>>> print(open('start-v5.cif').read())   # mmCIF, C-alpha atoms and all ligand atoms
data_protein
#
loop_
_atom_site.label_atom_id
_atom_site.label_comp_id
_atom_site.auth_asym_id
_atom_site.auth_seq_id
_atom_site.Cartn_x
_atom_site.Cartn_y
_atom_site.Cartn_z
CA MET A 1 -11.05 13.86 -3.25
CA ALA A 2 -9.86 16.74 -1.13
CA ALA A 3 -11.09 16.71 2.44
CA PRO A 4 -12.52 19.95 3.78
CA ALA A 5 -10.26 22.12 5.85
CA PRO A 6 -10.69 21.73 9.59
CA SER A 7 -13.82 23.54 10.74
CA GLY A 8 -13.78 26.02 13.58
CA ALA A 9 -16.20 23.95 15.64
CA ALA A 10 -13.61 21.84 17.37
CA SER A 11 -11.12 24.64 17.85
CA ALA A 12 -13.81 26.70 19.51
CA ALA A 13 -14.10 23.99 22.19
CA ALA A 14 -10.54 24.54 23.38
CA SER A 15 -7.31 25.84 21.97
CA PRO A 16 -4.70 23.40 20.69
CA SER A 17 -1.77 22.75 22.98
CA PRO A 18 1.22 24.75 21.77
CA LEU A 19 3.53 21.92 22.78
CA MET A 20 2.25 19.37 20.35
CA GLN A 21 2.49 19.69 16.61
CA LEU A 22 0.18 17.66 14.45
CA PRO A 23 1.49 16.48 11.10
CA SER A 24 -1.76 16.83 9.21
CA PRO A 25 -3.80 20.03 8.69
CA PHE A 26 -6.86 17.78 9.02
CA ALA A 27 -6.02 16.92 12.61
CA GLU A 28 -6.29 19.16 15.62
CA LEU A 29 -5.81 18.79 19.34
CA VAL A 30 -8.69 19.85 21.58
CA LYS A 31 -9.76 19.26 25.15
CA GLY A 32 -12.52 16.83 26.07
CA PRO A 33 -14.21 16.01 29.40
CA SER A 34 -12.01 16.45 32.51
CA GLY A 35 -9.57 18.39 30.35
CA LEU A 36 -8.33 15.19 28.68
CA GLU A 37 -6.80 15.98 25.31
CA LYS A 38 -8.10 14.42 22.13
CA VAL A 39 -7.10 14.59 18.49
CA VAL A 40 -9.94 15.29 16.08
CA LEU A 41 -9.40 13.95 12.55
CA ARG A 42 -11.52 15.53 9.84
CA GLY A 43 -12.00 13.56 6.65
CA ALA A 44 -14.01 14.13 3.51
CA ARG A 45 -17.59 15.41 3.87
CA ASN A 46 -18.60 15.06 7.55
CA CYS A 47 -16.48 12.04 8.40
CA CYS A 48 -14.42 12.48 11.51
CA ALA A 49 -12.76 10.55 14.30
CA GLU A 50 -11.62 11.38 17.82
CA ILE A 51 -8.66 9.88 19.61
CA TYR A 52 -7.85 10.53 23.27
CA LEU A 53 -4.19 10.72 24.25
CA TYR A 54 -5.40 8.97 27.42
CA GLY A 55 -5.33 5.32 26.37
CA GLY A 56 -4.45 6.17 22.76
CA GLN A 57 -8.14 5.48 22.45
CA VAL A 58 -10.42 6.16 19.53
CA THR A 59 -13.78 7.18 21.01
CA SER A 60 -15.66 8.36 17.95
CA TRP A 61 -15.85 7.53 14.24
CA LYS A 62 -18.52 9.42 12.36
CA ASN A 63 -19.85 8.84 8.85
CA ASP A 64 -20.98 11.37 6.20
CA ASN A 65 -24.21 11.98 8.12
CA GLY A 66 -22.35 12.78 11.30
CA GLU A 67 -23.65 9.53 12.83
CA ASP A 68 -21.31 7.82 15.28
CA LEU A 69 -20.49 4.27 14.24
CA LEU A 70 -18.78 3.43 17.52
CA PHE A 71 -20.51 2.96 20.83
CA LEU A 72 -19.43 5.21 23.69
CA SER A 73 -21.28 4.73 26.96
CA SER A 74 -23.29 7.69 28.25
CA LYS A 75 -21.76 6.72 31.61
CA ALA A 76 -18.16 6.54 30.42
CA ILE A 77 -15.75 7.91 33.01
CA PHE A 78 -13.10 10.25 31.61
CA LYS A 79 -10.87 10.10 34.62
CA PRO A 80 -7.70 8.08 35.14
CA PRO A 81 -7.17 5.33 36.12
CA LYS A 82 -10.52 4.17 34.70
CA ALA A 83 -10.37 3.21 31.02
CA ILE A 84 -12.93 4.97 28.83
CA ARG A 85 -15.96 2.68 28.23
CA GLY A 86 -16.47 2.51 24.48
CA GLY A 87 -14.70 3.32 21.24
CA ILE A 88 -11.57 1.25 20.69
CA PRO A 89 -9.57 0.64 23.87
CA ILE A 90 -6.16 -0.92 23.22
CA CYS A 91 -5.52 -4.05 25.27
CA PHE A 92 -1.75 -4.41 25.74
CA PRO A 93 0.43 -6.09 26.98
CA GLN A 94 -2.30 -8.39 28.18
CA PHE A 95 -5.75 -9.24 26.93
CA GLY A 96 -8.35 -9.94 29.63
CA SER A 97 -7.09 -11.96 32.53
CA HIS A 98 -4.64 -14.00 30.44
CA GLY A 99 -1.65 -13.09 32.68
CA ASN A 100 -0.69 -11.41 35.97
CA LEU A 101 -1.32 -7.81 34.98
CA GLU A 102 -4.48 -5.80 35.51
CA GLN A 103 -7.43 -6.76 33.24
CA HIS A 104 -6.58 -5.86 29.60
CA GLY A 105 -3.10 -4.54 30.48
CA PHE A 106 -2.11 -0.95 31.10
CA ALA A 107 -1.92 0.73 27.64
CA ARG A 108 -5.60 1.73 27.87
CA ASN A 109 -5.05 3.84 30.96
CA ARG A 110 -1.74 5.51 30.22
CA PHE A 111 -1.11 8.88 28.60
CA TRP A 112 0.21 8.50 25.06
CA THR A 113 1.95 11.34 23.24
CA ILE A 114 1.88 12.57 19.67
CA ASP A 115 4.73 11.09 17.66
CA ASN A 116 5.95 13.78 15.31
CA ASN A 117 8.70 11.75 13.80
CA PRO A 118 7.57 8.14 13.41
CA PRO A 119 9.70 5.71 11.42
CA PRO A 120 8.39 5.45 7.86
CA LEU A 121 5.05 3.72 7.46
CA PRO A 122 3.51 3.66 4.00
CA LEU A 123 0.37 5.81 3.79
CA ASN A 124 -2.15 5.89 0.96
CA PRO A 125 -1.57 9.38 -0.55
CA ALA A 126 -5.35 9.89 -0.62
CA ILE A 127 -5.36 9.83 3.19
CA LYS A 128 -5.09 13.35 4.58
CA ALA A 129 -6.37 12.94 8.13
CA PHE A 130 -4.14 10.88 10.39
CA VAL A 131 -2.20 11.02 13.60
CA ASP A 132 0.70 9.04 15.05
CA LEU A 133 0.83 8.35 18.79
CA ILE A 134 3.47 6.67 20.89
CA LEU A 135 3.56 4.94 24.27
CA LYS A 136 6.75 4.09 26.13
CA PRO A 137 6.87 2.54 29.61
CA SER A 138 7.30 4.77 32.64
CA GLU A 139 9.49 3.78 35.61
CA GLU A 140 6.30 2.55 37.32
CA ASP A 141 5.30 0.48 34.28
CA LEU A 142 8.73 -1.15 34.23
CA LYS A 143 8.12 -2.35 37.79
CA ILE A 144 5.00 -4.27 36.78
CA TRP A 145 6.13 -5.32 33.26
CA PRO A 146 9.94 -5.08 33.10
CA HIS A 147 10.32 -4.55 29.37
CA SER A 148 11.41 -1.59 27.38
CA PHE A 149 8.96 -1.24 24.49
CA GLU A 150 7.89 1.37 21.98
CA PHE A 151 4.26 1.18 20.91
CA ARG A 152 3.42 3.33 17.89
CA LEU A 153 -0.17 3.75 16.82
CA ARG A 154 -1.32 5.41 13.62
CA VAL A 155 -5.00 6.26 13.31
CA ALA A 156 -6.13 7.33 9.84
CA LEU A 157 -9.39 8.29 8.21
CA GLY A 158 -9.56 7.19 4.57
CA PRO A 159 -11.14 9.15 1.72
CA SER A 160 -14.25 6.96 1.80
CA GLY A 161 -14.56 7.28 5.57
CA ASP A 162 -12.80 4.02 6.50
CA LEU A 163 -11.00 4.09 9.82
CA SER A 164 -7.66 2.32 10.14
CA LEU A 165 -5.50 1.67 13.17
CA THR A 166 -1.96 0.41 12.71
CA SER A 167 0.03 -0.67 15.75
CA ARG A 168 3.76 -1.18 15.71
CA ILE A 169 5.32 -2.65 18.84
CA ARG A 170 9.10 -2.86 19.21
CA ASN A 171 11.23 -4.64 21.79
CA ASN A 172 13.93 -2.22 22.98
CA ASN A 173 15.23 -4.36 25.85
CA PRO A 174 18.95 -3.56 26.13
CA ASP A 175 19.91 -6.93 27.59
CA GLY A 176 18.82 -9.44 24.96
CA ARG A 177 15.57 -10.40 26.72
CA PRO A 178 12.56 -11.25 24.54
CA PHE A 179 9.06 -10.34 25.70
CA SER A 180 5.63 -11.80 25.04
CA TYR A 181 2.23 -10.14 25.09
CA THR A 182 -1.39 -10.59 24.13
CA PHE A 183 -3.29 -7.82 22.37
CA ALA A 184 -6.72 -6.64 21.24
CA TYR A 185 -8.42 -3.73 19.53
CA HIS A 186 -11.43 -3.83 21.85
CA THR A 187 -13.82 -2.34 19.28
CA TYR A 188 -17.31 -1.28 20.49
CA PHE A 189 -19.68 -0.98 17.51
CA SER A 190 -22.86 1.03 17.75
CA VAL A 191 -25.87 -1.05 16.66
CA SER A 192 -29.58 -0.28 16.39
CA ASP A 193 -30.71 -3.23 18.49
CA ILE A 194 -28.59 -6.24 19.38
CA SER A 195 -31.48 -8.58 18.54
CA GLU A 196 -31.37 -7.29 14.93
CA VAL A 197 -27.68 -7.97 14.45
CA ARG A 198 -25.82 -10.91 13.04
CA VAL A 199 -22.13 -11.59 12.61
CA GLU A 200 -20.82 -13.45 9.59
CA GLY A 201 -17.39 -14.95 9.16
CA LEU A 202 -17.12 -16.80 12.47
CA GLU A 203 -19.35 -19.78 11.64
CA THR A 204 -17.71 -23.16 12.27
CA MET A 205 -14.76 -21.51 14.05
CA ASP A 206 -13.32 -22.87 17.28
CA TYR A 207 -13.62 -20.56 20.26
CA LEU A 208 -12.73 -20.30 23.93
CA ASP A 209 -15.77 -19.47 26.01
CA ASN A 210 -14.88 -16.98 28.75
CA LEU A 211 -18.24 -17.73 30.38
CA LYS A 212 -17.28 -21.41 30.68
CA ALA A 213 -13.79 -21.20 32.18
CA LYS A 214 -12.19 -20.64 28.72
CA GLU A 215 -13.25 -24.11 27.56
CA ARG A 216 -12.89 -24.73 23.81
CA PHE A 217 -15.96 -25.28 21.60
CA THR A 218 -16.80 -25.19 17.88
CA GLU A 219 -19.34 -22.65 16.60
CA GLN A 220 -22.35 -23.93 14.68
CA GLY A 221 -22.72 -23.34 10.97
CA ASP A 222 -25.06 -20.35 10.98
CA ALA A 223 -24.29 -16.67 11.30
CA ILE A 224 -24.07 -15.61 14.92
CA VAL A 225 -27.08 -13.92 16.51
CA PHE A 226 -27.49 -12.58 20.05
CA GLU A 227 -30.02 -13.62 22.66
CA SER A 228 -27.96 -13.60 25.86
CA GLU A 229 -24.55 -12.69 27.27
CA VAL A 230 -21.62 -13.65 25.05
CA ASP A 231 -17.88 -13.56 25.73
CA LYS A 232 -16.00 -15.74 23.25
CA VAL A 233 -12.50 -15.73 21.78
CA TYR A 234 -12.74 -17.10 18.21
CA LEU A 235 -9.45 -18.70 17.23
CA ALA A 236 -7.76 -18.28 13.86
CA ALA A 237 -10.70 -16.21 12.64
CA PRO A 238 -10.79 -14.99 9.01
CA SER A 239 -9.27 -11.65 8.08
CA LYS A 240 -12.72 -10.19 7.32
CA ILE A 241 -15.73 -10.30 9.60
CA ALA A 242 -19.09 -8.68 8.82
CA ILE A 243 -21.50 -7.24 11.38
CA ILE A 244 -24.89 -6.88 9.77
CA ASP A 245 -27.38 -4.50 11.37
CA HIS A 246 -30.77 -5.30 9.80
CA GLU A 247 -32.63 -2.39 11.30
CA LYS A 248 -30.04 0.17 10.18
CA LYS A 249 -29.51 -1.69 6.89
CA ARG A 250 -25.82 -1.22 7.57
CA THR A 251 -22.92 -3.65 7.45
CA PHE A 252 -19.64 -3.08 9.23
CA VAL A 253 -16.72 -4.82 7.61
CA VAL A 254 -13.85 -5.50 10.00
CA THR A 255 -10.54 -6.28 8.30
CA LYS A 256 -7.67 -7.46 10.46
CA GLU A 257 -4.01 -8.16 9.79
CA GLY A 258 -1.49 -9.74 12.14
CA LEU A 259 -4.28 -10.57 14.58
CA PRO A 260 -5.42 -14.19 14.33
CA ASP A 261 -8.25 -14.15 16.87
CA ALA A 262 -11.50 -12.23 17.29
CA VAL A 263 -13.28 -11.68 20.60
CA VAL A 264 -17.04 -11.19 20.59
CA TRP A 265 -18.56 -9.64 23.70
CA ASN A 266 -21.91 -8.36 24.87
CA PRO A 267 -22.46 -8.14 28.64
CA TRP A 268 -26.29 -8.42 28.40
CA ASP A 269 -28.60 -7.14 31.13
CA LYS A 270 -27.19 -8.54 34.38
CA LYS A 271 -23.55 -7.62 33.78
CA ALA A 272 -24.61 -4.27 32.32
CA LYS A 273 -26.27 -3.42 35.64
CA ALA A 274 -23.14 -4.38 37.53
CA MET A 275 -20.91 -2.01 35.54
CA GLN A 276 -20.60 1.44 37.02
CA ASP A 277 -19.66 3.07 33.71
CA PHE A 278 -22.30 1.44 31.50
CA GLY A 279 -26.04 2.18 31.27
CA ASP A 280 -28.43 -0.61 32.28
CA ALA A 281 -29.97 -0.86 28.80
CA GLU A 282 -26.91 0.06 26.75
CA TYR A 283 -26.10 -3.58 26.02
CA LYS A 284 -28.88 -3.38 23.42
CA SER A 285 -27.08 -0.76 21.36
CA MET A 286 -23.53 -2.14 21.29
CA LEU A 287 -21.52 -5.13 20.23
CA CYS A 288 -17.80 -5.67 20.68
CA VAL A 289 -15.97 -7.51 17.91
CA GLU A 290 -12.29 -7.33 18.82
CA PRO A 291 -9.46 -8.33 16.49
CA ALA A 292 -6.94 -9.87 18.85
CA SER A 293 -4.03 -12.15 19.49
CA VAL A 294 -5.03 -14.06 22.61
CA GLU A 295 -4.51 -17.79 22.30
CA ARG A 296 -0.86 -17.52 21.31
CA PRO A 297 1.09 -14.62 22.80
CA ILE A 298 3.30 -12.67 20.41
CA THR A 299 7.01 -12.88 21.24
CA LEU A 300 9.53 -10.26 20.16
CA LYS A 301 13.29 -10.44 20.49
CA PRO A 302 15.19 -7.18 21.07
CA GLY A 303 15.15 -5.10 17.89
CA GLU A 304 12.12 -6.94 16.51
CA GLU A 305 8.90 -5.16 15.63
CA TRP A 306 5.35 -6.48 15.28
CA LYS A 307 2.61 -4.89 13.27
CA GLY A 308 -1.14 -5.38 13.77
CA ARG A 309 -3.74 -3.56 11.74
CA LEU A 310 -7.47 -2.98 11.87
CA VAL A 311 -9.56 -1.38 9.13
CA LEU A 312 -13.22 -0.59 9.71
CA SER A 313 -15.70 0.33 7.03
CA ALA A 314 -19.44 0.78 7.09
CA VAL A 315 -21.48 0.09 3.97
CA PRO A 316 -25.22 0.01 3.29
CA SER A 317 -26.32 -3.62 3.58
CA SER A 318 -27.89 -3.35 0.11
CA TYR A 319 -24.37 -2.75 -1.20
CA CYS A 320 -23.68 -6.38 -0.35
CA SER A 321 -26.01 -7.57 -3.14
CA GLY A 322 -29.28 -6.77 -1.39
CA GLN A 323 -29.38 -10.39 -0.30
CA LEU A 324 -26.85 -9.87 2.51
CA ASP A 325 -24.83 -12.52 0.77
CA PRO A 326 -22.12 -13.37 3.30
CA LEU A 327 -19.63 -14.39 0.65
CA LYS A 328 -20.01 -11.07 -1.12
CA VAL A 329 -19.61 -9.22 2.17
CA LEU A 330 -16.55 -11.16 3.17
CA GLN A 331 -14.82 -11.42 -0.17
CA GLY A 332 -15.68 -7.89 -1.11
O1 LIG A 401 -14.73 -4.19 31.75
P1 LIG A 401 -13.49 -4.35 30.89
O2 LIG A 401 -12.26 -4.61 31.70
O3 LIG A 401 -13.32 -3.20 29.95
O4 LIG A 401 -13.73 -5.65 30.03
C1 LIG A 401 -14.85 -5.79 29.24
C2 LIG A 401 -14.83 -7.15 28.52
O5 LIG A 401 -13.74 -7.16 27.63
C3 LIG A 401 -13.58 -8.33 26.81
O6 LIG A 401 -14.46 -8.38 25.78
C4 LIG A 401 -13.56 -9.59 27.65
O7 LIG A 401 -13.61 -10.75 26.84
C5 LIG A 401 -14.67 -9.62 28.67
O8 LIG A 401 -14.49 -10.71 29.55
C6 LIG A 401 -14.71 -8.32 29.47
O9 LIG A 401 -15.77 -8.35 30.39
#
>>> encode(input="start-v5.cif", output="structure tokens")
Amino acid sequence: MAAPAPSGAASAAASPSPLMQLPSPFAELVKGPSGLEKVVLRGARNCCAEIYLYGGQVTSWKNDNGEDLLFLSSKAIFKPPKAIRGGIPICFPQFGSHGNLEQHGFARNRFWTIDNNPPPLPLNPAIKAFVDLILKPSEEDLKIWPHSFEFRLRVALGPSGDLSLTSRIRNNNPDGRPFSYTFAYHTYFSVSDISEVRVEGLETMDYLDNLKAKERFTEQGDAIVFESEVDKVYLAAPSKIAIIDHEKKRTFVVTKEGLPDAVVWNPWDKKAKAMQDFGDAEYKSMLCVEPASVERPITLKPGEEWKGRLVLSAVPSSYCSGQLDPLKVLQG
């Protein structure tokens, strides 16, 4: 199905930078808060997505009804060096505090650029709205993480409104040195009410509990529900995870490739209050489920490339048999 041509609404907000060409007529570059540039992808019907060059960060993914499926804090700070609170921050080359770098690495607070000539990456011909971004280390970055890398990110909006992010990371070290990193797509989902949400696909999985000094436990057999703060890294999680929002009657299906782990995070009330860029009650309307590679760092030799992919779709819960049958959700 042909997607509509870009509407004038976004271009009215600010004029596209003449320096950056976008490969798709369904993508345009506009200015957001603090003059930060963002790419707006327009898919079929009203579906759209927004990606800031700052952080290479998706901050919005809207469905046919123009409803945002990602959580973005009303207190998000759009000013470097703070990472934007919400959407899909990219954690690279370090997830969390698993290393000596700043929390979640530096990719989320660097300026990415549009990559007009990415190496070939197969694209479903039905996808019209996409953008390729690239991040390379600056001289300053090389001082804190002395590795020459190329990080290419493609964000695409599928014909049925699915959002996909494909990361390609290449080791360009000239001197034969390998490098290792941990990684996450720190995805903030928008939910009606956290107490109405359950996550399926992580039952019986082993996890590291960040609230208990990263100790390892095994999850019980039932779907996961939320009654207090949670910060867990599920290990070797399945490639599909479902987030079922009973009140909205909506199920998010998270499909991950190349990313064995899945982090589940909700700060709950106390931590919410302690965060400057997060509303006190906003923990009720968000849940992070983050495809990741945390337990075992990824190692690349010079010339090697790694690929990690995330596909998000949102379906009416009734679509999954009306019974919210987890097997039907997960096996599609
Ligand atoms: O506040 P940030 O640095 O963005 O981190 C927010 C959260 O991210 C992840 O989900 C971690 O597992 C949490 O421990 C952390 O609190």
>>> residues_near_point(input="start-v5.cif", point="(-26.7, -6.1, 11.0)", cutoff="9 Å", atoms="all atoms listed in the file", output="list in words")
Val191, Ser192, Asp193, Ile194, Glu196, Val197, Arg198, Val199, Ala242, Ile243, Ile244, Asp245, His246, Glu247, Lys248, Lys249, Arg250, Thr251, Phe252 and Ser317 of chain A
>>> residues_near_ligand(input="start-v5.cif", ligand="ligand LIG 401 (chain A)", cutoff="6 Å", atoms="all atoms listed in the file", output="PyMOL selection string")
chain A and resi 96+103+231+265
>>> closest_atom_pairs(input="start-v5.cif", of="stretch 42-69 of chain A", to="stretch 147-171 of chain A", cutoff="7 Å", atoms="all atoms listed in the file", output="JSON lines")
{"residue": "A:Gly43", "atom": "CA", "partner": "A:Leu157", "partner_atom": "CA", "distance": 6.1}
{"residue": "A:Ala44", "atom": "CA", "partner": "A:Pro159", "partner_atom": "CA", "distance": 6.0}
{"residue": "A:Cys47", "atom": "CA", "partner": "A:Gly161", "partner_atom": "CA", "distance": 5.9}
{"residue": "A:Asn63", "atom": "CA", "partner": "A:Gly161", "partner_atom": "CA", "distance": 6.4}
>>> residues_around(input="start-v5.cif", residues="A:Leu41", least_positions_apart="2", cutoff="9 Å", atoms="all atoms listed in the file", output="VMD selection string")
chain A and resid 6 24 26 to 28 39 43 47 to 51 129 to 131 155 to 157
>>> atom_distance(input="start-v5.cif", atom1="atom CA of A:Gln220", atom2="atom CA of A:Leu287")
19.6 Å
>>> closest_residue(input="start-v5.cif", among="A:Pro125, A:Pro238, A:Gly176, A:Gly201", to="A:Ile224", atoms="all atoms listed in the file")
A:Gly201
>>> closest_residue(input="start-v5.cif", among="A:Glu227, A:Gln276, A:Tyr188, A:Pro267", to="A:Lys82", atoms="all atoms listed in the file")
A:Gln276
>>> atom_distance(input="start-v5.cif", atom1="atom CA of A:Pro118", atom2="atom CA of A:Trp306")
14.9 Å
>>> atom_distance(input="start-v5.cif", atom1="atom CA of A:Ser74", atom2="atom CA of A:Gly279")
6.9 Å
>>> closest_residue(input="start-v5.cif", among="A:Ala184, A:Lys214, A:Leu133, A:Met205", to="A:Val263", atoms="only C-alpha atoms")
A:Ala184
